[in-house]
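**Q** Okay, handing you the structure first.
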Amino acid sequence: MTAIYANQLAQKLNPLPLLVLLWGEDAGAIRQAAQTVIAATGVDMADPFAAEKLTLNDLATNPSRLADSAQTLSFTSPHRLISFSGISGDESAATVTALTDAVKTTLSLPLSAVTIVLPVPKLLEKSSALVKAAEAHPQALSVRFFADAARDLTPFLKNEIEAAGQRIEPSALQLLTASLGADRDIARREVEKLLLYAGTEDPITEAHVLESVAGAIPADAFRLAEAVGARNTAQTDKLLQHLLQQGEDLSAAFTLALRHLTTLKTAQALKAEGKSESEILLQTGKSRAPKPAQADFLRQINHYPAARLAGLADYAVETLTTARSGLLEGNFVLQRALLALSA
């Protein structure tokens with residue numbers, strides 16, 4: 001099948017292709033498109049009899065793994081789904097060759113009722129053998145994702161900010177665009193972080209952008225604060241592990257969590273005074289947040305222990321003193337404290 005562009009993908013999924021190769025520079029858009037294809041198959045990724053996740057390491061261990069999987073019948077679904085994950089764009093030429101060979105072998109087989117989703121960011125060119133193989137097969141799709149130029153990213157960022165009910169100064173928008181790469185998924189997360197940082201301050205200024213983006217506060221640190229407030233220990237631990245794997249100092253994450261919990265304490269006091277939900281959202285700076293975020297915040301007000309919030313200041317001082325004492329590794333102390341706050 002001939003190559004298509006990203007905006008044509010949805011209309012090309014009926015009937016379902018045998019292979020969907022998603023390639024190009026925009027890794028974020030590629031990841032989102034992969035989820036779109038997976039959803040279109042109607043296959044439950046948790047069903048081991050209908051779906052299989054593969055990595056390039058699987059092919060390195062067993063070069064025939066893809067072909068074998070594609071020929072396996074599904075006993076629980078009329079369609080079978082094979083999806084690749086973990087391709088970063090930093091793989092070697094030898095690895096790309098091995099993947100290409102596996103795909104060519106699989107496409108040569110008489111297959112039906114199976115879809116292979118293959119997201120390959122940053123590794124391929126129009127002349128790549130893998131791209132040519134997909135484009136030559138009548139039941140395969142080759143979908144190219146171009147990197148956004150600054151002129152393309154600017155309206156995208158502006159629309160994301162305005163959709164959240166916020167404004168941004170032109171100079172701040174220019175700085176934000178210059179601070180980000182071409183990956184829209186990363187750009188969207190940075191906008192989310194910026195909106196949380198700016199709070200009720202309107203419009204967003206260059207100072208906000210510098211502190212949020214150039215200050216390199218990880219987006220996961222903001223999500224961690226929300227997970228602590230929601231008392232979601234599993235999500236808190238997952239985000240903590242991610243931050244630690246990235247080599248982040250947990251001090252910023254701990255500070256953000258304390259700020260969020262202090263806001264919850266204020267909200268509980270307002271509720272005790274008989275304030276309405278809309279008044280609470282307004283006075284705590286949540287009135288501009290998306291509706292789902294507002295609903296989560298209101299749930300947190302009702303479920304987070306007031307007694308724990310009452311002793312928050314003392315707990316914070318004790319934790320930070322221990323973390324800075326040198327008796328224990330600082331990140332270890334902060335990690336344990338954040339998990340305790342999320343329990």
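To be explicit about the labels: the chains of the structure tokens are called A, B, and onward in the order shown, and within each one the residues are counted from 1, while ligands get numbers from 1 in the order they are shown.
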Just want the 12 Å neighbourhood of Ser287 of chain A, counted on only C-alpha atoms, with same-chain residues fewer than 5 positions away dropped. Output as an MDAnalysis selection string.

**A** chainID A and resid 164:166 196 199:201 277:282 292:295 297:298

**Q** Enter the distance from atom CA of Gly311 of chain A to atom CA of Arg231 of chain A, in Å, rounded to one decimal.

**A**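 Interatomic distance, atom CA of Gly311 of chain A to atom CA of Arg231 of chain A: 16.7 Å.
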
**Q** With only C-alpha atoms as the basis for distance, which of A:Ala51, A:Ala253, A:Leu141, A:Leu194 is at the shortest distance from Gln8 of chain A?

**A**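 Of the candidates, the smallest distance to Gln8 of chain A is held by A:Leu141.
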
**Q** Among segment 117-229 of chain A, which ones does DSSP assign to alpha helix (DSSP H) (computed from the backbone)? Answer as a ChimeraX atom specification.

**A** /A:129-136,150-163,170-179,184-198,206-209,219-229

**Q** Between A:Asp44, A:Ala172, A:Thr61, A:Ala27, single out the one closest to Pro78 of chain A, counting only C-alpha atoms.

**A**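 Closest candidate: A:Asp44.
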